[in-house]
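What follows is the content of input-v2.txt, which has compact mmCIF, C-alpha atoms and all ligand atoms:
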```
# COMPACT_ATOMS: atom_id res chain seq x y z
CA MET A 24 148.56 147.48 149.85
CA LYS A 25 146.06 144.57 149.89
CA GLU A 26 142.73 145.58 151.34
CA ASN A 27 141.59 143.56 154.31
CA LYS A 28 138.02 143.18 153.16
CA LYS A 29 135.94 140.15 153.97
CA VAL A 30 134.96 138.24 150.84
CA ALA A 31 131.47 136.82 150.34
CA LEU A 32 130.27 134.58 147.53
CA ILE A 33 126.51 134.59 146.96
CA THR A 34 124.83 131.98 144.80
CA GLY A 35 121.36 133.08 143.62
CA ILE A 36 122.49 136.72 143.63
CA THR A 37 119.95 137.64 140.94
CA GLY A 38 117.05 136.43 143.12
CA GLN A 39 115.06 138.28 145.76
CA ASP A 40 117.24 137.42 148.75
CA GLY A 41 120.53 137.49 146.86
CA SER A 42 119.93 141.04 145.67
CA TYR A 43 119.14 142.34 149.16
CA LEU A 44 122.03 140.44 150.69
CA ALA A 45 124.50 141.77 148.10
CA GLU A 46 123.49 145.33 148.91
CA PHE A 47 123.65 144.66 152.65
CA LEU A 48 127.13 143.10 152.53
CA LEU A 49 128.49 145.86 150.27
CA GLN A 50 127.31 148.39 152.84
CA LYS A 51 129.16 146.39 155.49
CA GLY A 52 132.36 146.75 153.48
CA TYR A 53 132.52 143.26 151.99
CA GLU A 54 133.93 142.32 148.60
CA VAL A 55 130.92 140.60 147.08
CA HIS A 56 131.02 137.93 144.36
CA GLY A 57 127.86 136.52 142.86
CA ILE A 58 127.09 133.57 140.65
CA LYS A 59 124.64 134.28 137.88
CA ARG A 60 123.26 131.98 135.23
CA ARG A 61 123.62 132.64 131.56
CA SER A 62 120.21 133.62 130.24
CA SER A 63 118.87 134.56 126.81
CA SER A 64 117.29 137.69 128.29
CA PHE A 65 118.38 140.03 131.09
CA ASN A 66 118.18 138.40 134.52
CA THR A 67 119.99 141.04 136.58
CA GLY A 68 117.03 143.41 137.04
CA ARG A 69 117.21 143.13 140.83
CA ILE A 70 120.90 144.04 141.03
CA ASP A 71 121.27 146.49 138.16
CA HIS A 72 120.91 149.45 140.52
CA ILE A 73 124.12 148.40 142.27
CA TYR A 74 125.97 149.07 139.02
CA GLN A 75 124.21 152.41 138.55
CA ASP A 76 126.30 153.82 141.36
CA PRO A 77 128.57 156.53 139.88
CA HIS A 78 131.56 154.81 141.49
CA ALA A 79 130.63 151.46 139.98
CA ASP A 80 134.15 150.90 138.73
CA GLU A 81 135.45 150.97 142.26
CA LEU A 82 132.66 148.80 143.65
CA PRO A 83 133.93 145.55 145.10
CA PHE A 84 131.15 143.71 143.31
CA HIS A 85 131.78 140.95 140.77
CA LEU A 86 129.55 138.56 138.89
CA HIS A 87 130.62 135.15 137.62
CA TYR A 88 128.76 132.94 135.21
CA GLY A 89 127.91 129.66 136.84
CA ASP A 90 125.33 127.08 137.74
CA LEU A 91 124.76 124.80 140.71
CA THR A 92 124.60 121.86 138.33
CA ASP A 93 128.19 122.47 137.15
CA THR A 94 130.75 121.10 139.60
CA THR A 95 133.97 122.21 137.91
CA ASN A 96 132.62 125.70 137.46
CA LEU A 97 131.81 125.93 141.19
CA ILE A 98 135.26 124.67 142.16
CA ARG A 99 136.91 127.23 139.90
CA ILE A 100 134.84 130.17 141.19
CA ILE A 101 135.48 129.26 144.82
CA GLN A 102 139.18 128.81 144.14
CA GLU A 103 139.42 132.15 142.36
CA THR A 104 137.39 134.16 144.86
CA GLN A 105 138.65 132.51 148.11
CA PRO A 106 135.50 133.49 150.02
CA ASP A 107 135.36 133.87 153.80
CA GLU A 108 131.61 133.30 153.58
CA ILE A 109 129.42 131.47 151.06
CA TYR A 110 125.69 132.13 151.08
CA ASN A 111 123.97 129.41 149.07
CA LEU A 112 120.71 131.04 148.01
CA ALA A 113 120.46 129.54 144.52
CA ALA A 114 117.57 127.16 144.02
CA GLN A 115 114.65 126.20 141.86
CA SER A 116 112.59 127.85 144.56
CA HIS A 117 109.00 127.44 143.35
CA VAL A 118 107.13 124.68 145.17
CA GLN A 119 104.48 124.20 142.48
CA VAL A 120 107.10 124.05 139.72
CA SER A 121 108.96 121.35 141.67
CA PHE A 122 106.05 118.96 141.02
CA GLU A 123 106.57 119.50 137.29
CA ALA A 124 110.37 119.45 137.35
CA PRO A 125 111.21 117.20 140.31
CA GLU A 126 114.48 115.84 138.95
CA TYR A 127 115.88 119.24 138.03
CA THR A 128 114.77 120.58 141.42
CA ALA A 129 116.65 117.76 143.16
CA ASP A 130 119.73 118.36 141.01
CA VAL A 131 119.92 122.04 141.92
CA ASP A 132 118.40 122.19 145.40
CA ALA A 133 119.88 118.97 146.81
CA MET A 134 122.92 117.97 144.71
CA GLY A 135 123.92 121.58 144.16
CA VAL A 136 124.51 121.93 147.90
CA LEU A 137 126.65 118.81 147.96
CA ARG A 138 128.67 120.16 145.03
CA LEU A 139 129.41 123.40 146.89
CA LEU A 140 130.34 121.64 150.12
CA GLU A 141 132.57 119.20 148.25
CA ALA A 142 134.22 122.08 146.40
CA ILE A 143 135.11 123.70 149.73
CA ARG A 144 136.48 120.37 151.00
CA ILE A 145 138.42 119.50 147.84
CA LEU A 146 140.03 122.94 147.86
CA GLY A 147 141.11 122.47 151.47
CA MET A 148 139.07 125.47 152.58
CA THR A 149 136.98 123.88 155.35
CA ASP A 150 138.80 125.93 158.00
CA GLN A 151 138.56 129.25 156.23
CA THR A 152 135.13 129.35 154.56
CA LYS A 153 131.83 129.62 156.42
CA PHE A 154 128.78 128.21 154.64
CA TYR A 155 125.15 129.32 154.86
CA GLN A 156 122.45 127.03 153.44
CA ALA A 157 119.03 128.50 152.57
CA SER A 158 116.83 125.98 154.34
CA THR A 159 113.11 126.45 154.54
CA SER A 160 109.92 126.08 156.56
CA GLU A 161 108.80 123.78 153.72
CA LEU A 162 110.82 121.12 155.58
CA TYR A 163 108.04 121.04 158.20
CA GLY A 164 105.39 120.44 155.54
CA LYS A 165 102.58 118.37 157.01
CA VAL A 166 101.71 119.86 160.37
CA GLN A 167 103.33 117.97 163.26
CA GLU A 168 103.25 120.75 165.85
CA VAL A 169 102.79 124.52 165.92
CA PRO A 170 104.52 126.82 166.19
CA GLN A 171 107.33 125.09 164.30
CA GLN A 172 110.79 125.37 165.84
CA GLU A 173 114.24 123.84 165.38
CA SER A 174 113.20 120.60 167.13
CA THR A 175 109.96 120.10 165.19
CA PRO A 176 110.10 116.90 163.04
CA PHE A 177 110.37 117.40 159.29
CA TYR A 178 107.71 116.08 156.89
CA PRO A 179 108.21 117.72 153.48
CA ARG A 180 105.27 117.76 151.08
CA SER A 181 106.81 118.52 147.69
CA PRO A 182 109.82 117.57 145.56
CA TYR A 183 111.17 121.01 146.53
CA GLY A 184 110.77 120.24 150.23
CA VAL A 185 112.33 116.80 149.87
CA ALA A 186 115.33 118.21 147.96
CA LYS A 187 115.78 120.85 150.65
CA LEU A 188 115.66 118.08 153.27
CA TYR A 189 118.73 116.47 151.69
CA ALA A 190 120.37 119.88 151.56
CA TYR A 191 119.65 120.44 155.24
CA TRP A 192 121.18 117.14 156.32
CA ILE A 193 124.20 117.24 154.04
CA THR A 194 125.02 120.64 155.54
CA VAL A 195 124.72 119.18 159.05
CA ASN A 196 126.83 116.21 157.99
CA TYR A 197 129.68 118.31 156.56
CA ARG A 198 129.66 120.40 159.72
CA GLU A 199 130.00 117.28 161.88
CA ALA A 200 132.30 115.25 159.61
CA TYR A 201 134.77 117.97 158.64
CA ASP A 202 134.34 120.42 161.49
CA MET A 203 133.16 123.10 159.07
CA TYR A 204 131.32 126.25 160.00
CA ALA A 205 128.19 125.32 158.03
CA VAL A 206 124.68 126.32 159.09
CA ASN A 207 121.07 126.02 157.99
CA GLY A 208 118.83 129.05 158.28
CA ILE A 209 115.34 127.57 158.43
CA LEU A 210 113.53 130.55 157.01
CA PHE A 211 109.78 130.98 156.88
CA ASN A 212 108.23 132.79 153.90
CA HIS A 213 109.66 136.22 153.27
CA GLU A 214 108.52 138.61 150.62
CA SER A 215 109.25 142.10 149.29
CA PRO A 216 108.50 144.40 146.37
CA VAL A 217 111.03 142.37 144.33
CA ARG A 218 109.46 139.01 145.14
CA GLY A 219 109.09 136.83 142.03
CA GLU A 220 105.78 137.52 140.30
CA THR A 221 104.59 133.90 140.47
CA PHE A 222 104.68 133.58 144.27
CA VAL A 223 101.25 134.20 145.70
CA THR A 224 101.97 137.47 147.53
CA ARG A 225 103.43 139.33 144.57
CA LYS A 226 100.90 137.75 142.22
CA ILE A 227 98.18 139.28 144.40
CA THR A 228 99.72 142.74 144.94
CA ARG A 229 100.49 143.07 141.24
CA ALA A 230 96.98 141.95 140.28
CA ALA A 231 95.37 144.28 142.83
CA VAL A 232 97.00 147.42 141.42
CA ARG A 233 96.45 146.37 137.83
CA ILE A 234 92.78 145.64 138.48
CA ALA A 235 92.41 148.96 140.30
CA ALA A 236 94.01 150.73 137.31
CA GLY A 237 91.76 148.96 134.82
CA LEU A 238 94.67 147.09 133.20
CA GLN A 239 93.41 143.65 134.20
CA GLU A 240 89.96 142.25 134.85
CA LYS A 241 90.59 139.55 137.43
CA THR A 242 93.15 137.14 138.84
CA TYR A 243 93.03 133.37 139.30
CA LEU A 244 94.22 131.80 142.53
CA GLY A 245 94.37 128.33 144.10
CA ASN A 246 94.04 127.45 147.78
CA LEU A 247 92.88 130.52 149.72
CA GLU A 248 92.97 128.73 153.08
CA ALA A 249 96.72 127.99 153.23
CA LYS A 250 98.34 129.91 156.07
CA ARG A 251 101.84 131.31 155.98
CA ASP A 252 104.15 133.14 158.37
CA TRP A 253 105.07 136.01 156.05
CA GLY A 254 107.96 138.35 156.85
CA HIS A 255 110.03 140.89 154.91
CA ALA A 256 113.13 139.69 153.02
CA LYS A 257 115.17 142.64 154.35
CA ASP A 258 114.82 141.32 157.91
CA TYR A 259 115.70 137.79 156.87
CA ILE A 260 118.91 138.50 154.98
CA GLU A 261 120.19 140.25 158.10
CA GLY A 262 119.49 137.04 160.03
CA MET A 263 121.50 135.05 157.44
CA TYR A 264 124.46 137.35 157.93
CA LEU A 265 124.23 137.10 161.73
CA MET A 266 124.17 133.29 161.53
CA LEU A 267 127.65 133.37 160.00
CA GLN A 268 129.07 135.80 162.59
CA GLN A 269 128.69 133.54 165.66
CA ASP A 270 131.41 131.66 167.57
CA ASP A 271 129.70 128.32 166.94
CA PRO A 272 127.62 127.23 163.96
CA GLU A 273 123.98 126.52 164.75
CA ASP A 274 120.84 125.86 162.68
CA LEU A 275 118.17 128.44 163.46
CA VAL A 276 114.58 129.27 162.57
CA LEU A 277 113.75 132.78 161.34
CA ALA A 278 110.05 133.65 161.45
CA THR A 279 107.69 136.37 162.62
CA GLY A 280 105.48 134.11 164.77
CA VAL A 281 102.35 135.49 163.08
CA THR A 282 100.35 133.61 160.47
CA HIS A 283 97.76 134.70 157.89
CA SER A 284 95.79 132.95 155.17
CA VAL A 285 96.14 133.65 151.45
CA ARG A 286 92.57 134.98 151.68
CA GLU A 287 93.60 137.52 154.36
CA PHE A 288 96.61 138.58 152.30
CA CYS A 289 94.27 139.11 149.37
CA GLU A 290 91.78 141.21 151.34
CA LEU A 291 94.49 143.48 152.71
CA ALA A 292 96.29 143.90 149.38
CA PHE A 293 93.07 144.82 147.57
CA HIS A 294 92.21 147.18 150.42
CA HIS A 295 95.51 149.05 149.91
CA ALA A 296 94.78 149.19 146.19
CA GLY A 297 91.44 150.87 147.03
CA ILE A 298 89.15 147.87 146.50
CA THR A 299 86.99 146.13 149.10
CA ILE A 300 86.59 142.47 148.31
CA GLU A 301 83.64 140.25 149.23
CA TRP A 302 83.56 136.49 148.82
CA ILE A 303 80.64 134.57 147.36
CA GLY A 304 80.18 130.89 146.52
CA GLU A 305 82.10 127.89 147.80
CA GLY A 306 85.03 125.64 146.87
CA ILE A 307 86.23 126.06 143.32
CA ASP A 308 83.10 128.12 142.59
CA GLU A 309 84.12 130.73 145.14
CA LYS A 310 84.65 134.21 143.75
CA GLY A 311 85.96 137.51 145.02
CA ILE A 312 83.74 140.45 144.13
CA ASN A 313 84.57 144.15 144.08
CA THR A 314 81.88 145.45 146.47
CA GLU A 315 81.69 148.80 144.71
CA THR A 316 81.34 147.60 141.10
CA GLY A 317 80.09 144.03 141.60
CA ASP A 318 82.84 142.81 139.22
CA VAL A 319 84.41 139.40 139.79
CA ILE A 320 88.05 140.12 140.55
CA VAL A 321 89.23 136.77 141.98
CA GLU A 322 88.38 133.33 140.64
CA ILE A 323 89.60 129.94 141.76
CA ASP A 324 91.58 127.92 139.22
CA PRO A 325 92.25 124.30 140.21
CA ARG A 326 95.53 124.39 138.29
CA TYR A 327 97.00 126.33 141.21
CA PHE A 328 96.11 123.64 143.77
CA ARG A 329 99.09 121.50 144.74
CA PRO A 330 99.04 117.69 144.76
CA THR A 331 100.13 117.86 148.41
CA GLU A 332 99.73 121.14 150.27
CA VAL A 333 101.39 122.69 153.31
CA ASP A 334 98.38 123.95 155.25
CA LEU A 335 99.79 125.90 158.15
CA LEU A 336 103.16 127.49 158.86
CA ILE A 337 103.89 129.55 161.93
CA GLY A 338 107.43 129.75 163.22
CA ASP A 339 108.98 130.17 166.65
CA ALA A 340 112.21 132.17 166.32
CA THR A 341 112.95 132.32 170.07
CA LYS A 342 116.39 130.77 169.60
CA ALA A 343 117.41 133.27 166.91
CA ARG A 344 116.21 136.07 169.15
CA GLN A 345 118.33 134.77 172.01
CA LYS A 346 121.46 133.76 170.07
CA LEU A 347 121.56 136.45 167.39
CA GLY A 348 119.51 139.23 168.93
CA TRP A 349 117.43 138.98 165.73
CA THR A 350 113.90 140.35 165.63
CA PRO A 351 111.94 141.26 162.52
CA LYS A 352 111.33 144.99 162.13
CA TYR A 353 108.55 144.72 159.54
CA THR A 354 104.94 143.78 160.35
CA PHE A 355 102.64 141.84 158.05
CA GLU A 356 100.55 144.97 157.52
CA GLY A 357 103.63 147.07 156.66
CA LEU A 358 104.88 144.40 154.25
CA VAL A 359 101.60 144.20 152.30
CA GLU A 360 101.28 147.97 152.17
CA GLU A 361 104.85 148.38 150.86
CA MET A 362 104.41 145.70 148.20
CA VAL A 363 101.16 147.28 146.96
CA ARG A 364 102.65 150.77 147.00
CA GLU A 365 105.70 149.75 144.98
CA ASP A 366 103.61 147.87 142.43
CA GLN A 367 101.41 150.95 142.24
CA GLU A 368 104.44 153.12 141.50
CA LYS A 369 105.53 150.80 138.70
CA ILE A 370 102.03 150.93 137.21
CA ASN A 371 101.95 154.73 137.47
CA LEU A 372 105.22 155.02 135.55
CA ILE A 373 103.71 152.97 132.78
CA ILE A 374 100.36 154.77 132.76
CA ASN A 375 102.14 158.13 132.65
CA ASN A 376 104.46 156.77 129.98
CA LYS A 377 107.52 157.68 131.97
CA ASP A 378 109.01 154.25 132.21
CA GLU A 379 112.36 154.49 130.51
CA ASP A 380 112.59 150.78 129.92
CA TYR A 381 109.73 150.06 127.56
CA SER A 382 110.51 146.37 127.58
CA LYS A 383 109.01 146.36 131.07
CA LEU A 384 105.68 147.33 129.57
CA SER A 385 104.92 143.79 128.59
CA ASN A 386 105.18 142.81 132.24
CA TYR A 387 102.30 145.01 133.14
CA ILE A 388 100.02 145.25 130.16
CA GLN A 389 99.18 141.87 128.73
P1 LIG B 1 114.44 133.34 144.00
O1 LIG B 1 113.66 132.34 143.24
O2 LIG B 1 114.03 134.77 143.97
O3 LIG B 1 115.99 133.27 143.55
C1 LIG B 1 116.60 132.05 143.25
C2 LIG B 1 117.98 132.34 142.70
O4 LIG B 1 118.61 131.09 142.38
C3 LIG B 1 117.98 133.16 141.42
O5 LIG B 1 119.11 134.00 141.43
C4 LIG B 1 118.14 132.10 140.34
O6 LIG B 1 118.70 132.59 139.15
C5 LIG B 1 119.11 131.18 141.05
N1 LIG B 1 119.15 129.84 140.47
C6 LIG B 1 118.12 129.02 140.16
N2 LIG B 1 118.57 127.86 139.65
C7 LIG B 1 119.92 127.96 139.62
C8 LIG B 1 120.96 127.11 139.18
N3 LIG B 1 120.70 125.92 138.63
N4 LIG B 1 122.24 127.52 139.30
C9 LIG B 1 122.53 128.74 139.82
N5 LIG B 1 121.58 129.60 140.23
C10 LIG B 1 120.30 129.21 140.14
O7 LIG B 1 114.49 132.82 145.52
P2 LIG B 1 114.55 133.66 146.89
O8 LIG B 1 115.51 134.75 146.76
O9 LIG B 1 113.18 133.91 147.34
O10 LIG B 1 115.11 132.54 147.88
C11 LIG B 1 116.51 132.36 148.08
C12 LIG B 1 116.76 130.98 148.65
O11 LIG B 1 116.08 130.83 149.89
C13 LIG B 1 116.27 129.82 147.79
O12 LIG B 1 117.17 128.76 147.96
C14 LIG B 1 114.92 129.46 148.39
O13 LIG B 1 114.63 128.10 148.13
C15 LIG B 1 115.20 129.72 149.85
N6 LIG B 1 114.07 130.10 150.67
C16 LIG B 1 113.29 131.16 150.30
C17 LIG B 1 112.27 131.59 151.12
C18 LIG B 1 111.39 132.74 150.74
O14 LIG B 1 110.30 132.86 151.34
N7 LIG B 1 111.79 133.61 149.83
C19 LIG B 1 112.01 130.92 152.42
C20 LIG B 1 112.93 129.86 152.72
C21 LIG B 1 113.92 129.47 151.88
P3 LIG B 1 117.79 133.32 138.00
O15 LIG B 1 117.56 134.72 138.49
O16 LIG B 1 118.64 133.23 136.80
O17 LIG B 1 116.51 132.54 137.92
P1 LIG B 2 105.36 128.71 149.13
O1 LIG B 2 105.01 130.10 148.39
O2 LIG B 2 104.85 127.54 148.40
O3 LIG B 2 104.95 128.88 150.56
O4 LIG B 2 106.95 128.69 148.99
P2 LIG B 2 103.87 130.48 147.34
O5 LIG B 2 103.73 131.95 147.43
O6 LIG B 2 104.13 129.87 146.01
O7 LIG B 2 102.55 129.76 147.94
C1 LIG B 2 102.03 130.11 149.21
C2 LIG B 2 100.65 129.48 149.37
O8 LIG B 2 99.72 130.12 148.50
C3 LIG B 2 98.92 129.14 147.89
N1 LIG B 2 98.38 129.68 146.63
C4 LIG B 2 99.10 130.02 145.54
N2 LIG B 2 100.44 129.98 145.33
C5 LIG B 2 100.88 130.43 144.13
N3 LIG B 2 102.21 130.47 143.90
N4 LIG B 2 100.04 130.87 143.14
C6 LIG B 2 98.67 130.89 143.32
O9 LIG B 2 97.94 131.30 142.44
C7 LIG B 2 98.18 130.45 144.59
N5 LIG B 2 96.94 130.37 145.13
C8 LIG B 2 97.08 129.90 146.36
C9 LIG B 2 99.84 127.95 147.71
O10 LIG B 2 99.09 126.77 147.49
C10 LIG B 2 100.60 127.99 149.03
O11 LIG B 2 99.88 127.32 150.02
C11 LIG B 2 107.73 129.85 149.25
C12 LIG B 2 108.97 129.79 148.36
O12 LIG B 2 109.66 131.01 148.47
C13 LIG B 2 109.89 128.67 148.78
O13 LIG B 2 111.10 128.76 148.06
C14 LIG B 2 110.19 128.81 150.28
O14 LIG B 2 111.01 127.75 150.72
C15 LIG B 2 108.90 128.84 151.06
O15 LIG B 2 108.10 129.92 150.61
C16 LIG B 2 109.15 129.04 152.56
```
Please rewrite the model in this file as structure tokens.
Amino acid sequence: MKENKKVALITGITGQDGSYLAEFLLQKGYEVHGIKRRSSSFNTGRIDHIYQDPHADELPFHLHYGDLTDTTNLIRIIQETQPDEIYNLAAQSHVQVSFEAPEYTADVDAMGVLRLLEAIRILGMTDQTKFYQASTSELYGKVQEVPQQESTPFYPRSPYGVAKLYAYWITVNYREAYDMYAVNGILFNHESPVRGETFVTRKITRAAVRIAAGLQEKTYLGNLEAKRDWGHAKDYIEGMYLMLQQDDPEDLVLATGVTHSVREFCELAFHHAGITIEWIGEGIDEKGINTETGDVIVEIDPRYFRPTEVDLLIGDATKARQKLGWTPKYTFEGLVEEMVREDQEKINLIINNKDEDYSKLSNYIQ
């Protein structure tokens, strides 16, 4: 007898959000398909634990090789999997990198969305497949009003933001032109212990525990004054799911409504790692000092400044609260503490030589 499971296809399944969403949908009884890129080294670290389940053979979890730059591949995967829901989380998601690779970023983050939407249309699946687009608070960019909400004008400040602007509007257009259930979740920054190591939060929590353990002397950061509305990825993937379960498709902001500077994130992360930080100097000569030892633990490196910066993000998720009943469960303080604690645990495994996967060592001792 054919099981009556809902089928979800997740692009970007190997990323932070994709891995949490896959787990969440499997728990809800979905058959989950994910698109992963071919890579010369392992890139499934965030989803490997799903396979470690003793009943892995029975798990309704399937990975497909693919890429958002490859139209025929996307058409084939959608045709084969016949998804009820597509969550498009794949992207070149690093803002700073988008200044160095603007064309590639546009290809994946803008054109990739068009390719997926066209695939759904070409296959005649506009009535049966719901589409979630991972839109971003980077669309707001240069501050027009705060807090930012659905009606706030967009003014992106990076090739990433501009590519995501196209993605936002093409999703709206396919919804209106073809009567598709297609929505944008305009998500403010969300982090977790599996956040990529080059985003500022994880860069800081990882550095804090390594410095505290004597494995690293200092870390280099860019703009300490930028303010972000940081939430926990686990809360946000639940919001994505809820956005596809409504009667009518609607673009919604997900945010905590609380903002903090990079500097504040730094102070709290080092505090949880057992270090009190004090700032001396100004501008690019500013330094963070360990108050106990007097060691310089944070220096400013201009290479991390962006050609155009997004200074202040603080979101108003009133609509999502009303329409979805969505509220974030994690606080900023809880998020930072969890990230530091988990990085601490990884460090302890290495220090105590109990880490089974010695290839991970190079991630922590360098
Ligand atoms: P990650 O960078 O952690 O994950 C991105 C995923 O996209 C990875 O699985 C990556 O694969 C995959 N990917 C990259 N390029 C391609 C490509 N050409 N074809 C197919 N897959 C590709 O991002 P997050 O999980 O943090 O974010 C998920 C989505 O949400 C992204 O679209 C991001 O722009 C957006 N977003 C994120 C926010 C956040 O604060 N986290 C806030 C708002 C929006 P691989 O593992 O092989 O690199
Ligand atoms: P962001 O995240 O650009 O907001 O995009 P990131 O963590 O990269 O930067 C946040 C702020 O910190 C400042 N900063 C630094 N950033 C990095 N990466 N490294 C540094 O050393 C550093 N020093 C200071 C940045 O200038 C910036 O102001 C994230 C991504 O997940 C996007 O995909 C997503 O769309 C948005 O969040 C919402």
(request) Do a neighbour search on range 337-348 of chain A at 9 Å with all atoms listed in the file, toss out local chain neighbours closer than 3 positions, and write the hits as a PyMOL selection string. (result) chain A and resi 160+169-173+210-211+250-253+262+265-266+268-269+275-283
Compile a residue-level contact table for chain A against ligand LIG 1 (chain B) at a cut-off of 6 Å, reporting for every qualifying residue the shortest atom pair and its distance in Å to one decimal, with all atoms listed in the file counted, rows ordered by chain and ascending number, as a tab-separated table.
```
residue	atom	partner	partner_atom	distance
A:Gly35	CA	B:LIG1	O5	3.3
A:Ile36	CA	B:LIG1	O5	4.9
A:Thr37	CA	B:LIG1	O5	3.8
A:Gly38	CA	B:LIG1	O3	3.4
A:Gln39	CA	B:LIG1	O8	3.7
A:Asp40	CA	B:LIG1	O8	3.8
A:Gly41	CA	B:LIG1	O8	5.7
A:Arg60	CA	B:LIG1	O16	5.0
A:Asn66	CA	B:LIG1	O15	5.4
A:Asp90	CA	B:LIG1	N4	3.5
A:Leu91	CA	B:LIG1	N4	4.0
A:Thr92	CA	B:LIG1	N3	5.6
A:Leu112	CA	B:LIG1	C12	4.0
A:Ala113	CA	B:LIG1	O4	3.2
A:Ala114	CA	B:LIG1	O12	4.3
A:Gln115	CA	B:LIG1	C6	4.8
A:Ser116	CA	B:LIG1	O13	4.1
A:Val131	CA	B:LIG1	N3	5.1
A:Ala157	CA	B:LIG1	O11	4.6
A:Ser158	CA	B:LIG1	C21	5.2
A:Thr159	CA	B:LIG1	C20	3.9
A:Leu210	CA	B:LIG1	C20	4.4
A:Phe211	CA	B:LIG1	C19	5.0
A:Asn212	CA	B:LIG1	O14	3.3
A:His213	CA	B:LIG1	O14	3.9
A:Gly219	CA	B:LIG1	O2	5.7
```
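Among the candidate residues A:Trp192, A:Phe65, A:Tyr201, A:Tyr163, the one lying nearest to ligand LIG 2 (chain B) is A:Tyr163, with distances computed using all atoms listed in the file.
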(request) Taking only C-alpha atoms and all ligand atoms into account, report as a PyMOL selection string which residues have an atom no farther than 6 Å from an atom of ligand LIG 2 (chain B). (result) chain A and resi 116-118+159-161+211-212+221-224+244-247+249+285+327-329+333
Let's have the selection written as a compact mmCIF listing (two decimals), in the frame of the given file, with C-alpha atoms.
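Wrote part_12.txt, looks like this:
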```txt
# COMPACT_ATOMS: atom_id res chain seq x y z
CA SER A 116 112.59 127.85 144.56
CA HIS A 117 109.00 127.44 143.35
CA VAL A 118 107.13 124.68 145.17
CA THR A 159 113.11 126.45 154.54
CA SER A 160 109.92 126.08 156.56
CA GLU A 161 108.80 123.78 153.72
CA PHE A 211 109.78 130.98 156.88
CA ASN A 212 108.23 132.79 153.90
CA THR A 221 104.59 133.90 140.47
CA PHE A 222 104.68 133.58 144.27
CA VAL A 223 101.25 134.20 145.70
CA THR A 224 101.97 137.47 147.53
CA LEU A 244 94.22 131.80 142.53
CA GLY A 245 94.37 128.33 144.10
CA ASN A 246 94.04 127.45 147.78
CA LEU A 247 92.88 130.52 149.72
CA ALA A 249 96.72 127.99 153.23
CA VAL A 285 96.14 133.65 151.45
CA TYR A 327 97.00 126.33 141.21
CA PHE A 328 96.11 123.64 143.77
CA ARG A 329 99.09 121.50 144.74
CA VAL A 333 101.39 122.69 153.31
```
(request) Grab the CA of Ile100 in chain A to CA of Ser215 in chain A distance for me, in Å with one decimal place. (result)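 Distance between the two atoms: 29.4 Å.
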(request) Select, from A:Glu261, A:Asp107, A:Asp93, A:Glu214, the residue with the minimum atom-to-atom distance to Ala45 in chain A, counting only C-alpha atoms. (result)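 Residue with the minimum atom-to-atom distance to Ala45 in chain A: A:Glu261.
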(message) With distances taken over only C-alpha atoms, which residue among A:Lys59, A:Gly254, A:Glu46, A:Ile320 lies nearest Gly357 in chain A?
(response)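 Answer, going by the shortest atom-to-atom distance: A:Gly254.
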What would the list of residues within 7 Å of (128.6, 125.4, 161.2) (file frame) look like as a PDB file with C-alpha atoms, in the coordinates of the input, if all atoms listed in the file are what count?
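The file below, out_14.pdb, is the result:
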```pdb
ATOM      1  CA  ARG A 198     129.660 120.400 159.720  1.00  0.00           C
ATOM      2  CA  MET A 203     133.160 123.100 159.070  1.00  0.00           C
ATOM      3  CA  TYR A 204     131.320 126.250 160.000  1.00  0.00           C
ATOM      4  CA  ALA A 205     128.190 125.320 158.030  1.00  0.00           C
ATOM      5  CA  VAL A 206     124.680 126.320 159.090  1.00  0.00           C
ATOM      6  CA  ASP A 271     129.700 128.320 166.940  1.00  0.00           C
ATOM      7  CA  PRO A 272     127.620 127.230 163.960  1.00  0.00           C
ATOM      8  CA  GLU A 273     123.980 126.520 164.750  1.00  0.00           C
TER       9      GLU A 273
END
```
Closest pair table for range 101-132 of chain A residues within 9 Å of range 184-191 of chain A, only C-alpha atoms, as a Markdown table:
```
| residue | atom | partner | partner_atom | distance |
| --- | --- | --- | --- | --- |
| A:Val118 | CA | A:Gly184 | CA | 7.7 |
| A:Ser121 | CA | A:Gly184 | CA | 8.8 |
| A:Pro125 | CA | A:Ala186 | CA | 8.7 |
| A:Thr128 | CA | A:Ala186 | CA | 7.0 |
| A:Ala129 | CA | A:Ala186 | CA | 5.0 |
| A:Asp130 | CA | A:Ala186 | CA | 8.2 |
| A:Val131 | CA | A:Ala186 | CA | 8.5 |
| A:Asp132 | CA | A:Ala186 | CA | 5.6 |
```
(message) Which residue is closest to Gly237 in chain A? Choose from A:Val136, A:Met362, A:Leu162, A:Ile374 and count only C-alpha atoms.
(response)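 Closest residue, counting only C-alpha atoms: A:Ile374.
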(message) So that I can check the surroundings of Leu291 in chain A, please list as an NGL selection string every protein, DNA and RNA residue that reaches within 12 Å of it, counting all atoms listed in the file and ignoring chain neighbours fewer than 5 positions away.
(response) :A and (224 or 227-228 or 231 or 283-286 or 296-301 or 355-363)
Please write out, as JSON, where the centre of an axis-aligned box around all listed atoms of range 246-261 of chain A lies and how long its edges are, in Å to one decimal, after adding 4 Å on each side.
```
{"center_x": 106.5, "center_y": 135.0, "center_z": 153.1, "size_x": 35.3, "size_y": 23.2, "size_z": 18.6}
```
(message) Under the rule that all atoms listed in the file are counted, which of A:Lys28, A:Leu48, A:Pro179, A:Tyr88 is the nearest residue to Ser62 in chain A?
(response)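 Once distances to Ser62 in chain A are computed over all atoms listed in the file, the minimum belongs to A:Tyr88.
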